[in-house]
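S.K.: So I've got this file, start15.cif, and it contains mmCIF, C-alpha atoms:
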```cif
data_run
#
loop_
_atom_site.label_atom_id
_atom_site.label_comp_id
_atom_site.auth_asym_id
_atom_site.auth_seq_id
_atom_site.Cartn_x
_atom_site.Cartn_y
_atom_site.Cartn_z
CA MET A 1 69.31 107.45 62.95
CA GLN A 2 72.43 108.05 65.02
CA ARG A 3 71.04 111.36 66.30
CA LEU A 4 67.83 109.63 67.34
CA TYR A 5 69.83 106.95 69.14
CA ASP A 6 71.94 109.57 70.94
CA PHE A 7 68.79 111.46 71.94
CA ILE A 8 67.26 108.28 73.37
CA ARG A 9 70.41 107.59 75.40
CA ARG A 10 70.50 111.15 76.75
CA HIS A 11 66.81 111.17 77.76
CA PRO A 12 65.94 107.70 79.11
CA THR A 13 63.20 108.96 81.44
CA GLY A 14 61.54 110.88 78.63
CA VAL A 15 61.49 107.76 76.45
CA ASP A 16 60.05 105.69 79.29
CA THR A 17 57.40 108.35 79.89
CA PHE A 18 56.40 108.22 76.23
CA TRP A 19 55.88 104.46 76.36
CA ALA A 20 54.06 104.81 79.70
CA VAL A 21 51.60 107.23 78.08
CA VAL A 22 51.05 104.80 75.19
CA LEU A 23 50.51 101.94 77.63
CA PHE A 24 48.13 104.07 79.71
CA GLY A 25 46.09 104.98 76.62
CA PHE A 26 45.62 101.36 75.45
CA SER A 27 44.90 100.21 79.01
CA MET A 28 42.25 102.89 79.52
CA LEU A 29 40.47 101.75 76.37
CA TRP A 30 40.27 98.27 77.92
CA ALA A 31 39.13 99.69 81.27
CA VAL A 32 36.29 101.62 79.65
CA GLN A 33 35.08 98.65 77.59
CA GLU A 34 35.46 96.07 80.39
CA ASN A 35 33.65 98.16 83.02
CA ALA A 36 31.08 99.83 80.77
CA ASN A 37 28.19 98.23 82.65
CA ALA A 38 29.82 98.32 86.08
CA GLY A 39 29.45 100.98 88.70
CA ASN A 40 31.71 103.95 89.36
CA GLU A 41 33.84 102.19 91.99
CA PRO A 42 35.15 99.39 89.71
CA ARG A 43 35.88 101.88 86.98
CA VAL A 44 37.77 104.20 89.36
CA ALA A 45 39.73 101.27 90.81
CA ALA A 46 40.65 100.02 87.33
CA ALA A 47 41.74 103.52 86.27
CA VAL A 48 43.90 103.91 89.39
CA ILE A 49 45.58 100.53 88.84
CA VAL A 50 46.21 101.31 85.19
CA PHE A 51 47.69 104.68 86.12
CA LEU A 52 50.00 103.24 88.79
CA LEU A 53 51.25 100.50 86.47
CA SER A 54 51.95 103.06 83.73
CA LEU A 55 53.66 105.32 86.27
CA SER A 56 55.99 102.47 87.24
CA VAL A 57 57.09 102.20 83.61
CA ALA A 58 57.82 105.94 83.44
CA LEU A 59 59.97 105.90 86.59
CA ARG A 60 61.51 102.45 86.27
CA ARG A 61 65.09 103.73 85.74
CA ARG A 62 64.96 106.45 88.38
CA ALA A 63 63.83 104.19 91.23
CA PRO A 64 63.70 100.54 90.08
CA GLU A 65 63.39 98.99 93.56
CA LYS A 66 60.58 101.34 94.61
CA MET A 67 58.72 100.80 91.35
CA LEU A 68 59.06 97.02 91.83
CA LEU A 69 57.42 97.28 95.25
CA LEU A 70 54.73 99.49 93.74
CA VAL A 71 54.01 96.93 91.01
CA ALA A 72 53.88 94.13 93.59
CA ALA A 73 51.40 96.11 95.69
CA VAL A 74 49.29 96.95 92.64
CA GLY A 75 49.25 93.27 91.63
CA ILE A 76 47.96 92.26 95.07
CA ALA A 77 45.33 95.00 94.89
CA GLN A 78 44.36 93.81 91.41
CA LEU A 79 43.75 90.31 92.79
CA ALA A 80 41.82 91.63 95.77
CA LEU A 81 39.63 94.00 93.75
CA ASP A 82 38.96 91.43 91.00
CA ILE A 83 40.43 93.56 88.20
CA LYS A 84 41.30 91.13 85.45
CA VAL A 85 44.55 90.92 83.55
CA ASN A 86 44.88 93.79 81.11
CA ALA A 87 47.43 95.56 78.90
CA ALA A 88 48.77 97.58 81.82
CA ASP A 89 50.08 94.36 83.41
CA PHE A 90 52.80 94.45 80.76
CA ALA A 91 54.50 96.85 83.22
CA MET A 92 55.28 93.82 85.43
CA LEU A 93 57.41 92.29 82.67
CA VAL A 94 59.19 95.61 82.16
CA LEU A 95 59.90 96.02 85.89
CA ILE A 96 61.19 92.45 86.24
CA TYR A 97 63.62 93.04 83.38
CA THR A 98 64.66 96.45 84.74
CA VAL A 99 65.37 95.24 88.27
CA ALA A 100 67.30 92.19 87.00
CA ALA A 101 69.41 94.39 84.71
CA HIS A 102 69.97 97.05 87.38
CA ASP A 103 73.15 96.79 89.47
CA GLY A 104 71.24 97.15 92.72
CA PRO A 105 70.56 95.06 95.82
CA ARG A 106 70.17 91.37 95.16
CA TRP A 107 66.96 91.10 97.18
CA ALA A 108 65.18 93.17 94.55
CA SER A 109 66.31 90.83 91.76
CA ARG A 110 65.22 87.77 93.75
CA LEU A 111 61.88 89.36 94.56
CA ALA A 112 61.31 90.16 90.88
CA PHE A 113 62.12 86.57 89.89
CA ALA A 114 59.83 85.05 92.53
CA GLY A 115 57.03 87.52 91.76
CA GLY A 116 57.26 86.85 88.04
CA LEU A 117 56.99 83.08 88.48
CA SER A 118 54.07 83.37 90.91
CA ALA A 119 52.13 85.97 88.91
CA ALA A 120 50.81 83.53 86.33
CA THR A 121 49.88 80.97 89.02
CA LEU A 122 48.00 83.52 91.13
CA SER A 123 46.28 84.87 88.03
CA GLN A 124 45.15 81.40 87.01
CA ILE A 125 43.85 80.67 90.51
CA ARG A 126 41.95 83.98 90.60
CA TRP A 127 40.67 83.90 87.04
CA PRO A 128 40.82 80.29 85.80
CA VAL A 129 40.42 79.54 82.13
CA GLU A 130 37.06 77.87 81.61
CA ASP A 131 36.48 74.51 79.87
CA THR A 132 40.15 73.48 79.91
CA GLY A 133 40.35 71.15 82.86
CA ILE A 134 43.21 70.80 85.33
CA GLY A 135 45.74 69.83 82.65
CA GLY A 136 44.86 72.78 80.48
CA GLN A 137 45.10 75.20 83.39
CA ILE A 138 48.52 73.85 84.38
CA PHE A 139 49.72 74.12 80.77
CA PHE A 140 48.39 77.67 80.49
CA THR A 141 50.07 78.62 83.77
CA ILE A 142 53.43 77.30 82.55
CA VAL A 143 53.13 79.10 79.22
CA MET A 144 52.27 82.39 80.95
CA SER A 145 55.23 82.00 83.35
CA VAL A 146 57.75 81.73 80.51
CA PRO A 147 57.72 85.46 79.53
CA PHE A 148 58.38 86.49 83.14
CA ALA A 149 61.29 84.04 83.42
CA LEU A 150 62.72 85.18 80.09
CA ALA A 151 62.46 88.82 81.12
CA TRP A 152 64.42 88.13 84.31
CA VAL A 153 67.06 86.00 82.53
CA LEU A 154 67.54 88.68 79.85
CA GLY A 155 67.93 91.44 82.43
CA ASP A 156 70.33 89.44 84.61
CA SER A 157 72.44 88.52 81.58
CA LEU A 158 72.66 92.17 80.58
CA ARG A 159 73.70 93.13 84.12
CA THR A 160 76.41 90.45 84.12
CA ARG A 161 77.68 91.57 80.74
CA ARG A 162 77.84 95.20 81.81
CA ALA A 163 79.73 94.24 84.96
CA TYR A 164 82.15 92.19 82.87
CA PHE A 165 82.84 95.07 80.48
CA ALA A 166 83.21 97.48 83.40
CA GLN A 167 85.76 95.13 84.92
CA LEU A 168 87.63 94.97 81.61
CA GLU A 169 87.66 98.76 81.35
CA GLU A 170 88.90 99.09 84.92
CA ARG A 171 91.62 96.52 84.27
CA ALA A 172 92.66 98.27 81.06
CA SER A 173 92.78 101.61 82.87
CA ARG A 174 94.81 100.07 85.70
CA LEU A 175 97.22 98.45 83.27
CA GLU A 176 97.63 101.73 81.42
CA LYS A 177 98.42 103.54 84.67
CA GLU A 178 100.87 100.79 85.65
CA ARG A 179 102.49 100.99 82.21
CA GLU A 180 102.85 104.76 82.56
CA ALA A 181 104.32 104.32 86.05
CA GLN A 182 106.76 101.69 84.76
CA SER A 183 107.73 103.99 81.91
CA LYS A 184 108.42 106.81 84.35
CA VAL A 185 110.48 104.47 86.53
CA ALA A 186 112.42 103.28 83.49
CA VAL A 187 113.05 106.86 82.37
CA ALA A 188 114.18 107.84 85.86
CA ALA A 189 116.49 104.81 86.04
CA GLU A 190 117.97 105.62 82.63
CA ARG A 191 118.49 109.26 83.61
CA ALA A 192 120.19 108.15 86.82
CA ARG A 193 122.43 105.77 84.86
CA ILE A 194 123.41 108.47 82.39
CA ALA A 195 123.99 110.90 85.26
CA ARG A 196 126.33 108.39 86.90
CA GLU A 197 128.23 107.90 83.67
CA LEU A 198 128.54 111.63 83.10
CA HIS A 199 129.68 112.16 86.66
CA ASP A 200 132.36 109.49 86.34
CA VAL A 201 133.59 110.76 82.98
CA VAL A 202 133.64 114.44 83.90
CA ALA A 203 134.89 114.09 87.47
CA HIS A 204 137.75 111.80 86.61
CA ASN A 205 139.00 113.17 83.31
CA VAL A 206 138.55 116.84 84.14
CA SER A 207 140.28 116.30 87.48
CA VAL A 208 143.28 114.77 85.69
CA MET A 209 143.32 117.62 83.19
CA VAL A 210 143.22 120.27 85.95
CA VAL A 211 146.08 118.62 87.85
CA GLN A 212 148.19 118.34 84.70
CA ALA A 213 147.43 121.91 83.67
CA ASP A 214 148.48 123.22 87.09
CA GLY A 215 151.67 121.16 86.93
CA ALA A 216 152.47 122.35 83.41
CA ALA A 217 152.00 125.97 84.42
CA TYR A 218 154.27 125.45 87.43
CA VAL A 219 157.20 123.90 85.49
CA LEU A 220 156.67 125.72 82.19
CA ASP A 221 159.83 127.79 82.48
CA ALA A 222 161.97 125.53 84.60
CA ALA A 223 161.27 122.17 82.88
CA PRO A 224 159.75 122.57 79.42
CA ASP A 225 159.94 118.82 78.77
CA GLN A 226 157.78 118.05 81.78
CA ALA A 227 155.38 120.77 80.74
CA ARG A 228 155.15 119.28 77.27
CA GLN A 229 154.48 115.84 78.74
CA ALA A 230 151.75 117.28 80.94
CA LEU A 231 150.14 118.93 77.93
CA GLU A 232 150.22 115.63 76.07
CA THR A 233 148.52 113.96 79.02
CA ILE A 234 145.86 116.68 78.96
CA SER A 235 145.32 116.11 75.26
CA THR A 236 145.04 112.33 75.67
CA THR A 237 142.69 112.64 78.62
CA GLY A 238 140.52 115.15 76.76
CA ARG A 239 140.20 112.86 73.76
CA GLN A 240 139.23 109.98 76.02
CA ALA A 241 136.63 112.14 77.75
CA LEU A 242 135.21 113.23 74.39
CA ALA A 243 135.00 109.62 73.21
CA GLU A 244 133.04 108.61 76.33
CA MET A 245 130.83 111.68 76.01
CA ARG A 246 130.01 110.72 72.43
CA ARG A 247 129.06 107.25 73.60
CA LEU A 248 126.70 108.67 76.23
CA LEU A 249 125.18 111.12 73.78
CA GLY A 250 124.67 108.25 71.35
CA VAL A 251 122.43 106.62 73.95
CA LEU A 252 120.26 109.73 73.98
CA ARG A 253 119.87 109.88 70.22
CA THR A 254 116.47 108.96 68.85
CA GLY A 255 117.38 108.53 65.20
CA ASP A 256 116.62 105.36 63.30
CA ALA A 257 120.15 104.99 61.90
CA PRO A 258 122.35 103.69 64.73
CA GLU A 259 125.27 103.20 62.38
CA SER A 260 125.60 106.97 62.10
CA GLY A 261 126.71 107.28 65.74
CA GLU A 262 130.10 106.55 67.23
CA TYR A 263 130.18 103.79 69.80
CA VAL A 264 132.96 103.08 72.28
CA PRO A 265 133.27 99.78 74.19
CA GLN A 266 132.37 99.95 77.87
CA PRO A 267 135.35 100.00 80.26
CA ASP A 268 136.17 96.64 81.83
CA VAL A 269 138.42 95.21 84.55
CA GLU A 270 141.41 94.92 82.22
CA GLN A 271 141.37 98.69 81.70
CA ILE A 272 141.74 99.36 85.43
CA GLU A 273 145.51 98.95 85.06
CA ASP A 274 145.49 101.64 82.33
CA LEU A 275 143.39 103.83 84.61
CA VAL A 276 145.87 103.42 87.45
CA GLU A 277 148.76 104.24 85.11
CA GLN A 278 146.95 107.38 83.98
CA VAL A 279 146.47 108.45 87.60
CA ARG A 280 150.13 107.80 88.32
CA THR A 281 151.05 110.01 85.38
CA ALA A 282 148.91 112.74 86.94
CA GLY A 283 151.12 112.63 90.03
CA LEU A 284 149.29 110.29 92.43
CA THR A 285 151.20 107.31 93.83
CA VAL A 286 149.07 104.19 93.43
CA ASP A 287 149.87 100.62 94.45
CA PHE A 288 147.91 98.19 92.28
CA LYS A 289 147.64 94.42 92.88
CA ILE A 290 145.46 91.60 91.57
CA GLU A 291 144.86 88.51 93.68
CA GLY A 292 143.27 85.30 92.54
CA THR A 293 142.83 83.84 89.07
CA SER A 294 141.63 86.32 86.48
CA ARG A 295 138.62 85.18 84.45
CA PRO A 296 135.83 86.70 82.32
CA LEU A 297 133.15 88.54 84.29
CA PRO A 298 129.67 89.82 83.41
CA SER A 299 129.84 93.16 81.61
CA GLY A 300 127.81 94.89 84.34
CA VAL A 301 130.24 93.70 87.02
CA GLU A 302 133.27 94.81 85.01
CA LEU A 303 131.84 98.27 84.34
CA THR A 304 130.88 98.66 88.00
CA ALA A 305 134.36 97.67 89.17
CA TYR A 306 136.01 100.11 86.76
CA ARG A 307 133.75 103.00 87.79
CA ILE A 308 134.26 102.36 91.51
CA VAL A 309 138.04 102.45 91.15
CA GLN A 310 137.80 105.52 88.92
CA GLU A 311 135.60 107.42 91.38
CA ALA A 312 137.69 106.35 94.40
CA LEU A 313 140.96 107.56 92.84
CA THR A 314 139.27 110.79 91.74
CA ASN A 315 138.15 111.40 95.33
CA THR A 316 141.68 110.74 96.54
CA ARG A 317 143.04 113.46 94.24
CA LYS A 318 140.30 115.85 95.25
CA HIS A 319 140.27 115.30 99.01
CA GLY A 320 143.47 113.41 99.89
CA GLY A 321 145.66 116.47 100.05
CA PRO A 322 149.33 116.78 99.02
CA ASN A 323 151.60 113.71 99.05
CA ALA A 324 148.64 111.35 99.37
CA GLY A 325 149.04 107.79 98.15
CA ALA A 326 146.48 105.12 97.29
CA SER A 327 146.27 101.37 96.88
CA VAL A 328 143.94 99.33 94.70
CA ARG A 329 143.26 95.62 95.29
CA LEU A 330 141.27 93.35 92.97
CA VAL A 331 140.50 89.93 94.46
CA TYR A 332 138.91 87.19 92.37
CA PHE A 333 136.76 84.88 94.49
CA ASP A 334 134.92 81.77 93.34
CA ASP A 335 131.57 83.57 93.36
CA GLY A 336 132.49 87.21 92.93
CA LEU A 337 134.98 90.04 92.66
CA GLY A 338 136.29 91.99 95.62
CA LEU A 339 137.51 95.60 95.44
CA LEU A 340 139.50 97.52 98.03
CA VAL A 341 140.62 101.09 97.40
CA GLU A 342 142.41 102.92 100.23
CA ASP A 343 144.36 106.13 100.56
CA ASP A 344 146.47 107.64 103.33
CA GLY A 345 145.41 111.22 102.77
CA ARG A 346 143.38 113.45 104.98
CA GLY A 347 140.08 112.22 103.51
CA ALA A 348 136.91 114.12 102.88
CA ALA A 349 134.97 115.95 105.52
CA HIS A 350 132.45 113.82 107.37
CA GLU A 351 129.43 115.50 105.78
CA MET A 352 130.80 114.55 102.35
CA TYR A 353 130.12 110.85 102.86
CA GLU A 354 127.39 110.64 105.50
CA ASP A 355 123.94 109.51 104.30
CA GLY A 356 125.45 107.89 101.27
CA GLY A 357 127.41 110.88 100.05
CA ALA A 358 124.60 113.32 99.27
CA ASP A 359 126.40 116.51 100.21
CA GLY A 360 124.86 118.81 97.64
CA ARG A 361 128.16 119.16 95.76
CA GLY A 362 128.90 115.68 94.48
CA HIS A 363 127.14 112.35 94.12
CA GLY A 364 130.07 110.00 93.67
CA LEU A 365 129.27 107.69 96.60
CA ILE A 366 125.59 107.70 95.68
CA GLY A 367 126.55 106.59 92.18
CA MET A 368 128.77 103.86 93.64
CA ARG A 369 125.98 102.50 95.80
CA GLU A 370 123.54 102.55 92.91
CA ARG A 371 125.96 100.71 90.65
CA VAL A 372 126.73 98.10 93.28
CA GLY A 373 123.04 97.67 94.05
CA MET A 374 122.27 97.08 90.37
CA VAL A 375 124.55 94.03 90.28
CA GLY A 376 123.42 92.77 93.69
CA GLY A 377 126.65 93.58 95.54
CA THR A 378 127.59 95.35 98.76
CA LEU A 379 129.59 98.53 99.36
CA ASP A 380 131.29 99.88 102.46
CA ALA A 381 132.75 103.39 102.36
CA GLY A 382 134.12 105.44 105.21
CA PRO A 383 137.16 106.84 107.00
CA ARG A 384 140.13 104.55 107.46
CA PRO A 385 141.73 103.93 110.86
CA GLY A 386 144.86 106.03 111.08
CA GLY A 387 143.68 108.53 108.48
CA GLY A 388 142.58 108.40 104.91
CA PHE A 389 139.56 106.82 103.28
CA ARG A 390 138.57 103.28 102.37
CA ILE A 391 136.11 101.88 99.85
CA SER A 392 135.37 98.17 99.92
CA ALA A 393 132.99 96.42 97.52
CA LEU A 394 131.97 92.85 96.82
CA LEU A 395 130.43 92.20 93.39
CA PRO A 396 128.79 88.77 92.89
CA LEU A 397 129.03 87.02 89.56
CA LYS A 398 125.24 86.54 89.53
CA PRO A 399 122.79 89.21 90.76
CA ALA A 400 121.11 88.40 94.03
#
```
Kindly transcribe the structure held in the file into structure tokens.
M.R.:
Amino acid sequence: MQRLYDFIRRHPTGVDTFWAVVLFGFSMLWAVQENANAGNEPRVAAAVIVFLLSLSVALRRRAPEKMLLLVAAVGIAQLALDIKVNAADFAMLVLIYTVAAHDGPRWASRLAFAGGLSAATLSQIRWPVEDTGIGGQIFFTIVMSVPFALAWVLGDSLRTRRAYFAQLEERASRLEKEREAQSKVAVAAERARIARELHDVVAHNVSVMVVQADGAAYVLDAAPDQARQALETISTTGRQALAEMRRLLGVLRTGDAPESGEYVPQPDVEQIEDLVEQVRTAGLTVDFKIEGTSRPLPSGVELTAYRIVQEALTNTRKHGGPNAGASVRLVYFDDGLGLLVEDDGRGAAHEMYEDGGADGRGHGLIGMRERVGMVGGTLDAGPRPGGGFRISALLPLKPA
């Protein structure tokens, strides 16, 4: 049964042709019996009309509007030539349904509806039912109009339903595409966030380790105690870097047992003082001050503030040159947190910070701007009058 149904769906014109042949055969039997005593002309006219009506059934899906016009013309010719209602007129019902169900021009559907309602009336006027009176003729006309109206209503309902399901499918497809796009955006945002974290961890901690290693190698023979202290700093910094790396890798894990991973709290504003002390130990002079009344801040703001100071001090060590000093200011406002990090070194080359810092070698300033943008803040980074570099940020307590 399923194969037969699939075959019918794949060959609609063939199925229509089959029913057209059946309709033509029954209609020709009527034409022969009805015009047995008539001349050749009535019989030829009846055969032509029966053939055209059957042809309209065979081609109703290929050209519904044209077949509707053909049926209308044949109906007028049938009235003019006095060829009575016969089995072939069933094609009119089929064409009315087809045009109403077809997603074509609306004039065709309106024409089919009007023609269907007028067909019974014109037929009754041309061939009135005898011995019924006016009331009987009106009743018969109404009864004969009902099938045409039902055919049009059924076809129009099917067209509306198909349009509704097509709209649902289009909406589902659009939502699926939007969901895929949102997933890609979310993945890209998460990758960017992890890249920023990795950059901050690697750039800062490895920079400290390199400076301490160079210092230890320089004073290894002359001051073993200082060399030992530098090695201890390298060890501590390495452990801290590993702990943060484990936290980032834990984010990337897809296992179902989160308790198996090692999690480290996110850095906050209170740890900035420890960060500054670590940088001082590495040999960079840093002046650190806090202004305003300290209070709890949103975790995103605290992490952003910590990473900005970390990246700014790392850049000072990398680009400030020898004997460079830096200052860090944290200012608590009523509606936000202000950050000011300055150094008196030589600063980075201009191409290192133009266009947001995309120099092909590092993305520190890009990461800063992304972090600040995520919490709805503002960032200003550039050369400082009199030499050096300045980074100023304002982080609101509530995202804009």
S.K.: Hey, which of A:Val375, A:Ala114, A:Ala88, A:Leu330 ends up closest to Gly25 (chain A)? Count only C-alpha atoms.
M.R.: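 Smallest distance to Gly25 (chain A) is found for A:Ala88.
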S.K.: Residues around (126.4, 90.0, 83.9), cut-off 8 Å, counting all atoms listed in the file - what are they as a VMD selection string?
M.R.: chain A and resid 297 to 301 375 397 to 399
S.K.: Can those selected residues be exported to a file as a PDB file, in the coordinates of the input so that it contains C-alpha atoms?
M.R.:
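selection_31.pdb was written with the following content:
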```pdb
ATOM      1  CA  LEU A 297     133.150  88.540  84.290  1.00  0.00           C
ATOM      2  CA  PRO A 298     129.670  89.820  83.410  1.00  0.00           C
ATOM      3  CA  SER A 299     129.840  93.160  81.610  1.00  0.00           C
ATOM      4  CA  GLY A 300     127.810  94.890  84.340  1.00  0.00           C
ATOM      5  CA  VAL A 301     130.240  93.700  87.020  1.00  0.00           C
ATOM      6  CA  VAL A 375     124.550  94.030  90.280  1.00  0.00           C
ATOM      7  CA  LEU A 397     129.030  87.020  89.560  1.00  0.00           C
ATOM      8  CA  LYS A 398     125.240  86.540  89.530  1.00  0.00           C
ATOM      9  CA  PRO A 399     122.790  89.210  90.760  1.00  0.00           C
TER      10      PRO A 399
END
```
S.K.: Quote the spacing between CA of Thr236 (chain A) and CA of Leu340 (chain A) in Å to one decimal place.
M.R.: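 Between CA of Thr236 (chain A) and CA of Leu340 (chain A) the gap works out to 27.4 Å.
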S.K.: Determine the residue set returned by the PyMOL selection byres ((chain A and resi 322) around 12) for the present structure, and present it as a list in words.
M.R.: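 Evaluating the PyMOL selection byres ((chain A and resi 322) around 12) on these coordinates yields Val211, Gly283, Leu284, Thr285, Thr316, Arg317, Lys318, His319, Gly320, Gly321, Asn323, Ala324, Gly325, Asp343, Asp344, Gly345, Arg346 and Gly347 of chain A.
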S.K.: Set the distance at 8 Å and use all atoms listed in the file: which residues neighbour Ala216 (chain A) once local chain neighbours fewer than 5 positions away are removed? I'd like the list as a PyMOL selection string.
M.R.: chain A and resi 226-228+230-231
S.K.: Starting from the displayed file, determine the output of the PyMOL selection byres ((chain A and resi 47) around 12) and express the residue list as an NGL selection string.
M.R.: :A and (24-35 or 40-46 or 48-54 or 74 or 78 or 83 or 86 or 88)
S.K.: CA of Trp19 (chain A) to CA of Asp6 (chain A): how many Å, to one decimal?
M.R.: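 Taking CA of Trp19 (chain A) and CA of Asp6 (chain A), their separation equals 17.7 Å.
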S.K.: Which value, in Å to one decimal, gives the distance between CA of Ser56 (chain A) and CA of Asp156 (chain A)?
M.R.: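 About the pair CA of Ser56 (chain A) and CA of Asp156 (chain A): they are 19.6 Å apart.
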S.K.: Please evaluate the PyMOL selection byres ((chain A and resi 311) around 12) against the displayed coordinates and give the resulting residues as number ranges by chain.
M.R.: A: 196-205, 207, 272, 275-276, 279, 304-310, 312-319, 341, 362-369, 371, 391
S.K.: Please identify all polymer residues within 12 Å of Ala120 (chain A), counting all atoms listed in the file, omitting same-chain residues fewer than 5 positions from it, and present them as a list of chain:residue names.
M.R.: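 Surrounding residues, per the criterion: A:Gly75, A:Leu79, A:Val85, A:Asp89, A:Met92, A:Leu93, A:Ala114, A:Gly115, A:Ile125, A:Arg126, A:Trp127, A:Pro128, A:Val129, A:Gln137, A:Ile138, A:Phe139, A:Phe140, A:Thr141, A:Ile142, A:Val143, A:Met144, A:Ser145, A:Val146, A:Pro147, A:Phe148, A:Ala149.
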S.K.: List the residues sitting within 12 Å of (59.8, 100.2, 93.2) in the file's frame, using only C-alpha atoms, as a VMD selection string.
M.R.: chain A and resid 52 to 53 55 to 74 91 to 92 94 to 96 98 to 99 104 108 to 109 111 to 112
S.K.: Residues as selected, C-alpha atoms, written as an mmCIF file, in the frame of the given file, can you do that?
M.R.:
```cif
data_model
loop_
_atom_site.group_PDB
_atom_site.id
_atom_site.type_symbol
_atom_site.label_atom_id
_atom_site.label_comp_id
_atom_site.auth_asym_id
_atom_site.auth_seq_id
_atom_site.Cartn_x
_atom_site.Cartn_y
_atom_site.Cartn_z
ATOM 1 C CA LEU A 52 50.000 103.240 88.790
ATOM 2 C CA LEU A 53 51.250 100.500 86.470
ATOM 3 C CA LEU A 55 53.660 105.320 86.270
ATOM 4 C CA SER A 56 55.990 102.470 87.240
ATOM 5 C CA VAL A 57 57.090 102.200 83.610
ATOM 6 C CA ALA A 58 57.820 105.940 83.440
ATOM 7 C CA LEU A 59 59.970 105.900 86.590
ATOM 8 C CA ARG A 60 61.510 102.450 86.270
ATOM 9 C CA ARG A 61 65.090 103.730 85.740
ATOM 10 C CA ARG A 62 64.960 106.450 88.380
ATOM 11 C CA ALA A 63 63.830 104.190 91.230
ATOM 12 C CA PRO A 64 63.700 100.540 90.080
ATOM 13 C CA GLU A 65 63.390 98.990 93.560
ATOM 14 C CA LYS A 66 60.580 101.340 94.610
ATOM 15 C CA MET A 67 58.720 100.800 91.350
ATOM 16 C CA LEU A 68 59.060 97.020 91.830
ATOM 17 C CA LEU A 69 57.420 97.280 95.250
ATOM 18 C CA LEU A 70 54.730 99.490 93.740
ATOM 19 C CA VAL A 71 54.010 96.930 91.010
ATOM 20 C CA ALA A 72 53.880 94.130 93.590
ATOM 21 C CA ALA A 73 51.400 96.110 95.690
ATOM 22 C CA VAL A 74 49.290 96.950 92.640
ATOM 23 C CA ALA A 91 54.500 96.850 83.220
ATOM 24 C CA MET A 92 55.280 93.820 85.430
ATOM 25 C CA VAL A 94 59.190 95.610 82.160
ATOM 26 C CA LEU A 95 59.900 96.020 85.890
ATOM 27 C CA ILE A 96 61.190 92.450 86.240
ATOM 28 C CA THR A 98 64.660 96.450 84.740
ATOM 29 C CA VAL A 99 65.370 95.240 88.270
ATOM 30 C CA GLY A 104 71.240 97.150 92.720
ATOM 31 C CA ALA A 108 65.180 93.170 94.550
ATOM 32 C CA SER A 109 66.310 90.830 91.760
ATOM 33 C CA LEU A 111 61.880 89.360 94.560
ATOM 34 C CA ALA A 112 61.310 90.160 90.880
#
```
S.K.: Given only C-alpha atoms as the basis, pick out the residue of A:Gly238, A:Pro396, A:Gly382, A:Gly135 nearest to Glu302 (chain A).
M.R.: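 Using only C-alpha atoms, Glu302 (chain A) sits closest to A:Pro396.
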S.K.: Which residues, written as a VMD selection string, have at least one atom at most 7 Å from Trp152 (chain A), with all atoms listed in the file counted and residues fewer than 5 positions away on the same chain left out?
M.R.: chain A and resid 96 to 97 100 113
S.K.: Based on the selection just made, write C-alpha atoms of those residues as a PDB file, keeping the file's coordinate frame.
M.R.:
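Result went into part.pdb, see below:
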```
ATOM      1  CA  ILE A  96      61.190  92.450  86.240  1.00  0.00           C
ATOM      2  CA  TYR A  97      63.620  93.040  83.380  1.00  0.00           C
ATOM      3  CA  ALA A 100      67.300  92.190  87.000  1.00  0.00           C
ATOM      4  CA  PHE A 113      62.120  86.570  89.890  1.00  0.00           C
TER       5      PHE A 113
END
```
S.K.: Considering only C-alpha atoms, can you say which of A:Ala195, A:Leu168, A:Ala87, A:Leu220 comes closest to Met245 (chain A)?
M.R.: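 Distance minimum relative to Met245 (chain A) lands on A:Ala195.
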